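Trainee: Got my_file.txt for you, compact mmCIF, C-alpha atoms:
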# COMPACT_ATOMS: atom_id res chain seq x y z
CA MET A 1 25.18 -3.79 -4.00
CA LEU A 2 28.11 -1.45 -3.76
CA PRO A 3 26.69 1.99 -4.48
CA TRP A 4 27.78 3.05 -7.90
CA GLY A 5 28.72 6.43 -6.56
CA VAL A 6 31.23 4.86 -4.22
CA LEU A 7 32.87 2.96 -7.05
CA ALA A 8 32.91 6.03 -9.21
CA ALA A 9 34.32 8.18 -6.42
CA SER A 10 37.55 6.23 -6.49
CA GLY A 11 37.99 6.66 -10.24
CA SER A 12 38.31 9.67 -12.49
CA SER A 13 38.65 13.24 -11.41
CA ALA A 14 35.37 14.13 -13.13
CA PRO A 15 32.29 14.40 -10.92
CA SER A 16 31.15 10.85 -10.22
CA MET A 17 27.81 11.28 -8.51
CA GLU A 18 25.78 14.42 -8.98
CA LEU A 19 22.64 15.51 -7.22
CA ILE A 20 19.91 16.12 -9.80
CA SER A 21 17.13 17.09 -7.42
CA THR A 22 15.87 16.74 -3.84
CA GLN A 23 12.28 17.02 -2.71
CA LEU A 24 11.58 17.77 0.95
CA LEU A 25 8.00 16.80 1.70
CA THR A 26 5.51 18.29 4.11
CA GLY A 27 2.64 15.81 4.40
CA SER A 28 0.46 16.88 1.50
CA THR A 29 1.95 14.83 -1.33
CA SER A 30 1.38 11.19 -2.23
CA ALA A 31 3.49 11.07 -5.39
CA VAL A 32 6.84 12.55 -6.30
CA THR A 33 7.96 12.86 -9.91
CA PHE A 34 11.43 13.75 -11.07
CA SER A 35 11.04 14.87 -14.68
CA SER A 36 13.34 16.12 -17.42
CA ILE A 37 16.13 13.92 -16.09
CA PRO A 38 19.32 14.71 -18.03
CA ALA A 39 20.61 11.92 -20.26
CA THR A 40 24.22 12.68 -19.36
CA TYR A 41 24.80 9.97 -16.76
CA SER A 42 25.32 6.21 -16.86
CA HIS A 43 22.91 5.28 -14.07
CA LEU A 44 20.48 6.84 -11.63
CA GLN A 45 20.16 6.46 -7.88
CA VAL A 46 17.18 7.53 -5.77
CA ARG A 47 17.66 7.81 -2.01
CA MET A 48 14.61 8.07 0.24
CA VAL A 49 13.97 8.71 3.93
CA VAL A 50 10.20 8.57 4.28
CA LYS A 51 7.16 7.92 6.44
CA ASN A 52 3.38 8.05 6.06
CA THR A 53 0.92 10.46 7.60
CA ASP A 54 -1.28 7.72 9.08
CA SER A 55 -0.99 4.41 10.90
CA ASN A 56 -1.73 2.04 8.03
CA ASN A 57 0.94 0.26 6.06
CA TYR A 58 1.14 1.25 2.42
CA ALA A 59 3.40 0.18 -0.40
CA PHE A 60 5.19 2.67 -2.56
CA ALA A 61 5.72 1.94 -6.23
CA ILE A 62 8.09 3.08 -8.96
CA THR A 63 7.06 4.00 -12.50
CA TYR A 64 8.95 5.53 -15.41
CA ASN A 65 7.97 8.11 -18.01
CA GLY A 66 4.40 8.11 -16.71
CA ASP A 67 3.83 4.52 -17.85
CA THR A 68 1.28 2.78 -15.61
CA SER A 69 0.41 0.05 -18.12
CA SER A 70 1.24 -3.61 -17.49
CA ASN A 71 4.83 -3.26 -18.65
CA TYR A 72 6.67 -4.10 -15.48
CA THR A 73 8.01 -7.32 -13.95
CA ARG A 74 9.27 -7.51 -10.40
CA HIS A 75 10.51 -9.92 -7.74
CA GLU A 76 10.86 -9.35 -4.03
CA LEU A 77 12.78 -10.86 -1.14
CA ILE A 78 11.39 -9.63 2.17
CA GLY A 79 12.39 -10.26 5.78
CA THR A 80 9.68 -9.80 8.40
CA GLY A 81 11.73 -10.59 11.47
CA SER A 82 10.24 -14.07 11.71
CA SER A 83 10.17 -15.31 8.13
CA ALA A 84 11.72 -14.74 4.74
CA VAL A 85 9.22 -14.24 1.95
CA SER A 86 9.76 -14.21 -1.79
CA GLU A 87 7.27 -13.24 -4.44
CA GLY A 88 7.33 -12.36 -8.09
CA SER A 89 4.93 -11.10 -10.65
CA GLY A 90 4.84 -10.03 -14.27
CA ASN A 91 2.65 -7.64 -16.22
CA GLN A 92 2.47 -5.23 -13.32
CA SER A 93 1.64 -1.53 -13.47
CA SER A 94 4.75 -0.52 -11.55
CA SER A 95 8.32 -1.57 -11.02
CA SER A 96 9.85 -2.31 -7.63
CA ILE A 97 7.77 -1.81 -4.50
CA GLY A 98 8.47 -1.43 -0.80
CA LEU A 99 6.77 -0.42 2.43
CA ILE A 100 6.98 2.97 4.12
CA ALA A 101 7.08 3.58 7.86
CA THR A 102 3.74 4.52 9.40
CA ASN A 103 3.26 7.40 11.82
CA THR A 104 2.89 5.03 14.79
CA THR A 105 6.44 5.53 16.08
CA ALA A 106 7.50 9.12 16.52
CA ASN A 107 10.64 10.11 14.63
CA ALA A 108 10.88 6.71 12.90
CA PHE A 109 11.40 6.81 9.16
CA SER A 110 12.10 4.05 6.68
CA ALA A 111 14.85 4.24 4.09
CA ALA A 112 15.23 3.06 0.52
CA ILE A 113 17.78 3.12 -2.28
CA LEU A 114 16.72 2.61 -5.87
CA ASP A 115 19.46 1.95 -8.44
CA ILE A 116 18.38 2.24 -12.09
CA ALA A 117 20.95 0.85 -14.54
CA ASN A 118 21.65 2.20 -18.03
CA TYR A 119 18.56 4.39 -18.01
CA THR A 120 19.29 5.99 -21.39
CA ASN A 121 20.05 2.79 -23.32
CA THR A 122 17.48 2.54 -26.12
CA ASN A 123 18.53 -1.01 -27.03
CA THR A 124 17.56 -2.64 -23.76
CA PHE A 125 14.71 -2.91 -21.27
CA LYS A 126 15.46 -1.13 -18.00
CA THR A 127 16.42 -2.95 -14.83
CA ALA A 128 16.42 -1.58 -11.31
CA GLN A 129 17.14 -2.72 -7.79
CA LEU A 130 15.35 -1.40 -4.73
CA PHE A 131 16.81 -1.93 -1.24
CA TRP A 132 14.42 -0.77 1.47
CA GLY A 133 13.53 -1.26 5.11
CA GLY A 134 12.84 0.10 8.53
CA ILE A 135 11.64 -0.51 12.06
CA TRP A 136 8.40 1.31 12.89
CA GLY A 137 6.27 -1.23 14.74
CA LEU A 138 6.65 -3.52 11.80
CA ASN A 139 10.12 -4.88 11.11
CA ARG A 140 10.75 -5.04 7.40
CA VAL A 141 13.71 -5.26 5.08
CA GLY A 142 13.45 -6.01 1.39
CA LEU A 143 15.27 -6.29 -1.87
CA SER A 144 13.29 -5.90 -5.06
CA SER A 145 14.24 -6.28 -8.69
CA GLY A 146 12.24 -4.45 -11.30
CA LEU A 147 12.13 -4.60 -15.07
CA TRP A 148 10.47 -2.00 -17.27
CA ARG A 149 9.85 -3.65 -20.61
CA SER A 150 10.57 -0.59 -22.68
CA THR A 151 13.52 0.51 -24.77
CA SER A 152 12.68 4.17 -24.27
CA ALA A 153 15.20 6.24 -22.38
CA ILE A 154 13.96 7.07 -18.90
CA THR A 155 13.30 10.79 -18.61
CA SER A 156 11.09 10.76 -15.53
CA VAL A 157 10.80 8.68 -12.36
CA THR A 158 7.68 8.69 -10.19
CA ILE A 159 7.49 7.34 -6.64
CA THR A 160 3.86 6.83 -5.66
CA ASN A 161 2.78 6.24 -2.08
CA GLY A 162 -0.57 4.81 -0.98
CA ASN A 163 -0.69 7.63 1.56
CA ASN A 164 0.86 11.07 1.83
CA PHE A 165 4.56 11.38 2.61
CA ALA A 166 4.84 12.82 6.12
CA ASN A 167 6.56 16.05 6.96
CA GLY A 168 10.31 15.49 7.08
CA SER A 169 10.32 12.89 4.31
CA ARG A 170 13.11 13.39 1.78
CA ILE A 171 13.61 11.93 -1.70
CA SER A 172 16.74 12.69 -3.71
CA ILE A 173 17.75 11.59 -7.18
CA TYR A 174 21.36 11.38 -8.36
CA GLY A 175 23.13 10.80 -11.64
CA ILE A 176 26.03 8.34 -11.56
CA ARG A 177 28.92 8.63 -13.99
CA GLY A 178 31.21 5.79 -15.02
CA GLN A 179 30.46 2.17 -15.79
CA MET B 1 28.12 20.62 -10.62
CA PRO B 2 29.82 19.53 -7.37
CA ASP B 3 30.32 15.89 -6.57
CA ALA B 4 27.55 14.59 -4.33
CA ILE B 5 29.72 11.97 -2.68
CA THR B 6 32.82 12.80 -0.67
CA ALA B 7 35.42 10.45 0.72
CA LEU B 8 35.70 11.38 4.40
CA ALA B 9 38.16 8.77 5.65
CA ASN B 10 39.91 5.66 4.42
CA VAL B 11 41.54 3.23 6.82
CA THR B 12 43.70 0.22 5.93
CA LEU B 13 44.86 -1.73 8.93
CA ALA B 14 48.60 -2.22 9.15
CA SER B 15 48.16 -4.74 11.94
CA SER B 16 45.23 -6.55 13.50
CA GLN B 17 42.97 -4.59 15.80
CA GLN B 18 39.51 -4.91 17.24
CA THR B 19 38.06 -1.44 16.75
CA VAL B 20 37.96 1.20 14.03
CA SER B 21 36.53 4.60 14.94
CA PHE B 22 35.49 7.57 12.84
CA THR B 23 35.13 10.68 14.96
CA SER B 24 34.30 14.37 14.48
CA ILE B 25 32.15 13.53 11.46
CA SER B 26 31.05 16.72 9.76
CA GLY B 27 27.33 17.39 9.71
CA SER B 28 27.58 18.82 6.19
CA TYR B 29 26.12 15.80 4.41
CA ARG B 30 22.75 14.00 4.45
CA ASP B 31 23.81 10.35 4.46
CA LEU B 32 26.86 8.37 5.48
CA ILE B 33 28.12 5.26 3.69
CA LEU B 34 30.67 3.00 5.35
CA VAL B 35 32.22 0.37 3.09
CA THR B 36 34.16 -2.32 4.91
CA ASN B 37 36.19 -5.14 3.43
CA PHE B 38 37.76 -7.21 6.13
CA ILE B 39 39.08 -10.49 7.37
CA SER B 40 38.50 -11.40 10.98
CA THR B 41 40.80 -13.67 12.86
CA ASN B 42 37.87 -15.95 13.68
CA SER B 43 34.08 -16.26 13.30
CA ASP B 44 32.72 -13.37 15.25
CA ASN B 45 30.01 -10.77 15.64
CA LEU B 46 30.34 -7.39 13.98
CA ILE B 47 29.31 -4.47 16.16
CA MET B 48 28.49 -0.90 15.17
CA LEU B 49 27.96 1.94 17.61
CA LEU B 50 26.74 5.43 16.83
CA ASN B 51 28.21 8.24 18.92
CA ASN B 52 30.01 5.53 20.91
CA ASN B 53 26.66 4.90 22.58
CA GLU B 54 26.32 1.51 24.21
CA ASP B 55 24.34 2.41 27.29
CA SER B 56 20.72 2.44 28.43
CA PRO B 57 18.10 3.19 27.19
CA PHE B 58 18.90 0.61 24.57
CA ALA B 59 18.13 2.23 21.27
CA TYR B 60 19.29 -0.14 18.55
CA ASN B 61 16.72 -2.11 16.54
CA HIS B 62 17.22 -4.19 13.44
CA VAL B 63 15.69 -6.78 11.14
CA ASN B 64 17.46 -8.95 8.63
CA VAL B 65 16.93 -11.55 5.95
CA ARG B 66 19.68 -14.05 5.39
CA GLY B 67 20.49 -16.56 2.67
CA SER B 68 22.77 -19.37 3.76
CA GLY B 69 23.03 -21.30 0.55
CA SER B 70 20.39 -23.80 1.62
CA ASN B 71 17.60 -21.66 3.05
CA ALA B 72 16.47 -18.10 3.74
CA THR B 73 15.60 -16.89 7.23
CA SER B 74 14.69 -13.63 8.92
CA SER B 75 15.13 -12.41 12.46
CA ALA B 76 14.84 -9.15 14.37
CA ASP B 77 16.13 -7.65 17.58
CA THR B 78 14.73 -4.59 19.29
CA GLY B 79 15.88 -2.54 22.26
CA MET B 80 19.48 -3.62 21.93
CA GLY B 81 22.50 -1.84 23.35
CA LYS B 82 24.31 -1.94 20.01
CA PHE B 83 23.97 -3.03 16.42
CA GLU B 84 25.43 -6.54 16.60
CA TRP B 85 25.48 -8.77 13.55
CA THR B 86 26.65 -12.34 13.44
CA VAL B 87 29.23 -12.99 10.76
CA GLY B 88 30.02 -16.67 10.64
CA GLY B 89 31.96 -19.14 8.60
CA PHE B 90 35.23 -17.28 8.39
CA THR B 91 38.34 -18.54 6.80
CA ASN B 92 41.53 -16.58 7.05
CA THR B 93 41.44 -15.72 3.35
CA GLN B 94 37.80 -14.97 2.53
CA ARG B 95 37.01 -11.33 2.89
CA VAL B 96 33.69 -10.06 4.13
CA GLN B 97 32.22 -6.91 2.64
CA THR B 98 29.62 -4.74 4.30
CA ILE B 99 28.02 -1.54 3.09
CA ILE B 100 26.41 0.39 5.91
CA GLN B 101 24.27 3.41 5.06
CA VAL B 102 23.07 5.84 7.72
CA PHE B 103 20.38 8.20 6.47
CA ASP B 104 19.84 11.79 7.56
CA TYR B 105 22.49 11.23 10.22
CA ALA B 106 22.70 14.90 11.21
CA GLN B 107 18.95 15.57 11.30
CA THR B 108 17.76 16.06 14.87
CA ASP B 109 14.09 15.44 14.08
CA LYS B 110 14.60 11.81 13.06
CA HIS B 111 15.68 8.52 14.47
CA LYS B 112 18.50 7.25 12.32
CA ALA B 113 17.50 4.76 9.63
CA VAL B 114 20.19 2.31 8.60
CA LEU B 115 20.46 -0.10 5.67
CA VAL B 116 23.19 -2.74 5.59
CA SER B 117 24.25 -5.34 3.07
CA LEU B 118 26.67 -8.00 4.25
CA ASP B 119 28.43 -10.23 1.76
CA ASN B 120 30.21 -13.19 3.30
CA PRO B 121 30.90 -15.41 0.30
CA ASN B 122 32.08 -18.29 2.41
CA ALA B 123 28.83 -18.58 4.35
CA GLU B 124 25.97 -16.19 3.68
CA VAL B 125 24.48 -13.07 2.18
CA VAL B 126 22.46 -10.75 4.40
CA ILE B 127 20.53 -7.51 4.14
CA LYS B 128 19.48 -5.56 7.18
CA ALA B 129 17.42 -2.53 8.14
CA GLY B 130 17.92 -0.78 11.43
CA ARG B 131 16.77 2.16 13.50
CA TRP B 132 18.77 3.93 16.13
CA ALA B 133 16.04 5.43 18.30
CA LYS B 134 17.75 8.69 19.05
CA THR B 135 17.32 12.08 17.41
CA GLU B 136 20.78 13.42 18.17
CA ALA B 137 23.12 14.05 15.27
CA VAL B 138 25.62 11.30 14.60
CA THR B 139 29.15 12.63 14.96
CA SER B 140 31.05 9.40 15.46
CA LEU B 141 30.81 5.86 14.22
CA GLN B 142 32.60 2.89 15.66
CA ILE B 143 32.83 -0.57 14.16
CA LYS B 144 34.40 -3.48 15.95
CA THR B 145 34.47 -7.21 16.38
CA ASN B 146 33.00 -8.80 19.48
CA SER B 147 35.85 -11.07 20.50
CA TYR B 148 38.60 -11.30 17.95
CA ASN B 149 40.31 -8.80 15.63
CA PHE B 150 40.10 -7.40 12.16
CA ALA B 151 43.18 -8.73 10.38
CA ALA B 152 45.87 -6.55 8.80
CA GLY B 153 44.83 -5.39 5.34
CA SER B 154 41.18 -4.91 6.29
CA THR B 155 39.80 -1.69 4.84
CA PHE B 156 37.18 0.77 6.05
CA ALA B 157 36.06 3.71 3.93
CA LEU B 158 33.60 6.37 5.03
CA TYR B 159 31.75 8.62 2.57
CA GLY B 160 29.36 11.51 2.92
CA VAL B 161 26.46 11.98 0.49
CA SER B 162 25.04 15.44 -0.11
CA ALA B 163 21.41 16.16 -0.96
Would you mind writing the file out in structure tokens?
Mentor:
Amino acid sequence: MLPWGVLAASGSSAPSMELISTQLLTGSTSAVTFSSIPATYSHLQVRMVVKNTDSNNYAFAITYNGDTSSNYTRHELIGTGSSAVSEGSGNQSSSSIGLIATNTTANAFSAAILDIANYTNTNTFKTAQLFWGGIWGLNRVGLSSGLWRSTSAITSVTITNGNNFANGSRISIYGIRGQ
Amino acid sequence: MPDAITALANVTLASSQQTVSFTSISGSYRDLILVTNFISTNSDNLIMLLNNNEDSPFAYNHVNVRGSGSNATSSADTGMGKFEWTVGGFTNTQRVQTIIQVFDYAQTDKHKAVLVSLDNPNAEVVIKAGRWAKTEAVTSLQIKTNSYNFAAGSTFALYGVSA
């Protein structure tokens, strides 16, 4: 899972990875939407450093263009520190999912990288890979594949948490140039 | 629009050595990405230190999930004196690739979250998550083998990601 931006950085002199937007969160938001995403890139990458405002474990989920119908398929590989777990499901209301650090360990945040391939291609469904994990009382690392069964170009990405994102959480979205 | 990823350093070993260090890392970025592509002179453990810190209180914690070709397993270590990752099954020709990402490395209100993918085609594929339980800014990063050496031709590239 070499970051596309790293590959692109070694190539042409044109900008290879551009920041589209960053949201710095303060504890009062449970969903972040990046809308009006320019169609000028090859791929998208979302980078997250996040935690919850309470002590319960919640999953975060990814949706595109506001679609919360059963148009997503996903598979997960998760390490718990004692076992490796795999699960898969179709006809879901969101793409890839992961867990977010709780507030039980001060200063501990979880991290995630979402790579969305060929997001403007109107001939194909959209595939994504989510790499996430952290140590916050729970030990978790996961890799999730997601498919959005739509040929529409992706113009918005929403990350929905089951809880509010704690103060200090940061979510950034980038456009990646090149193949 | 400026490029959001900047190549900070690129090291290709002319001869075998045990340690590669990146020092005086600028705090101008949000994340660091270290891409390694190496051959070790023997099966070994890969060690990463932040700010050359290998002393008490032990602040390194990590969890992994590993696919060996026949099964998948997961393990975790907490309160360690360093990030130390077993990399087995070496030959002297098969390169190992790791991508190590350190998030918000200059933010002094966060422990440092780390994601690692380790591709060892001869033996395993591994993903890891880690937390360095210190809030100080990361200004240096050291990667080394436990007992043997990185062979000549091994490469180590460090990038900064803006946000």
Trainee: I need the residue nearest Phe22 (chain B) from this list: B:Leu49, B:Val126, B:Val116, B:Met1. Use only C-alpha atoms for the distance.
Mentor: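 Closest candidate: B:Leu49.
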Trainee: What separation in Å, quoted to one decimal, exists between CA of Gln97 (chain B) and CA of Val125 (chain B)?
Mentor: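 According to the coordinates, CA of Gln97 (chain B) and CA of Val125 (chain B) are separated by 9.9 Å.
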Trainee: Could you please give me, as a list in words, the residues of protein, DNA or RNA lying at most 6 Å from (35.2, -8.4, 6.9) in the coordinate frame of the file, considering all atoms listed in the file?
Mentor: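 Residues found, by chain and rising number: Asn37, Phe38, Ile39, Arg95, Val96 and Gln97 of chain B.
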Trainee: May I have the protein, DNA and RNA residues with an atom at most 9 Å from (47.5, -6.0, 14.0), counting all atoms listed in the file in the file's coordinates, returned as an NGL selection string?
Mentor: :B and (13-18 or 149-152)
Trainee: Find the residues around region 127-138 of chain A up to 7 Å (all atoms listed in the file counted), leave out those fewer than 6 positions away in its own chain, and share them as a list in words.
Mentor: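 The filter keeps Ser96, Gly98, Ala101, Thr102, Thr104, Thr105, Ala108, Phe109, Ser110, Ala111, Ala112, Ile113, Leu114, Asp115, Ile116, Ala117, Ser144, Ser145, Gly146, Leu147 and Trp148 of chain A; Asn61, His62, Ala113, Ala129, Gly130 and Arg131 of chain B.
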Trainee: Taking only C-alpha atoms into account, name the residue in A:Asn167, A:Asn121, A:Thr155, A:Ser93 that is nearest to chain B.
Mentor: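 Of the candidates, the smallest distance to chain B is held by A:Asn167.
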Trainee: Using only C-alpha atoms, find the one residue out of A:Arg74, A:His43, A:Arg140, A:Lys51 that sits nearest to Ser75 (chain B).
Mentor: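 Selected residue with least distance to Ser75 (chain B): A:Arg140.
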Trainee: Find the residues of chain A in contact range of chain B, meaning any atom within 6 Å when counting all atoms listed in the file, and list them as a PDB file with C-alpha atoms, in the frame of the given file.
Mentor:
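In the end it all went to part.pdb:
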ATOM      1  CA  PRO A  15      32.290  14.400 -10.920  1.00  0.00           C
ATOM      2  CA  MET A  17      27.810  11.280  -8.510  1.00  0.00           C
ATOM      3  CA  GLU A  18      25.780  14.420  -8.980  1.00  0.00           C
ATOM      4  CA  LEU A  19      22.640  15.510  -7.220  1.00  0.00           C
ATOM      5  CA  GLY A  79      12.390 -10.260   5.780  1.00  0.00           C
ATOM      6  CA  GLY A  81      11.730 -10.590  11.470  1.00  0.00           C
ATOM      7  CA  SER A  82      10.240 -14.070  11.710  1.00  0.00           C
ATOM      8  CA  SER A  83      10.170 -15.310   8.130  1.00  0.00           C
ATOM      9  CA  ALA A  84      11.720 -14.740   4.740  1.00  0.00           C
ATOM     10  CA  ASN A 107      10.640  10.110  14.630  1.00  0.00           C
ATOM     11  CA  ALA A 108      10.880   6.710  12.900  1.00  0.00           C
ATOM     12  CA  GLY A 133      13.530  -1.260   5.110  1.00  0.00           C
ATOM     13  CA  GLY A 134      12.840   0.100   8.530  1.00  0.00           C
ATOM     14  CA  ILE A 135      11.640  -0.510  12.060  1.00  0.00           C
ATOM     15  CA  ASN A 139      10.120  -4.880  11.110  1.00  0.00           C
ATOM     16  CA  VAL A 141      13.710  -5.260   5.080  1.00  0.00           C
TER      17      VAL A 141
END
Trainee: Kindly give the distance, in Å, that separates CA of Gly162 (chain A) and CA of Val50 (chain A), rounded to a single decimal.
Mentor: 12.6 Å
Trainee: Pick out the residues sitting within 6 Å of Phe156 (chain B), and hand them over as a PDB file with C-alpha atoms, in the frame of the given file; count only C-alpha atoms, and ignore anything fewer than 4 positions along from it in its own chain.
Mentor:
ATOM      1  CA  ASN B  10      39.910   5.660   4.420  1.00  0.00           C
ATOM      2  CA  VAL B  11      41.540   3.230   6.820  1.00  0.00           C
ATOM      3  CA  VAL B  35      32.220   0.370   3.090  1.00  0.00           C
ATOM      4  CA  THR B  36      34.160  -2.320   4.910  1.00  0.00           C
TER       5      THR B  36
END
Trainee: Interatomic distance between CA of Asn71 (chain A) and CA of Ser21 (chain A)?
Mentor: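 Computing the Euclidean distance for CA of Asn71 (chain A) and CA of Ser21 (chain A) yields 26.3 Å.
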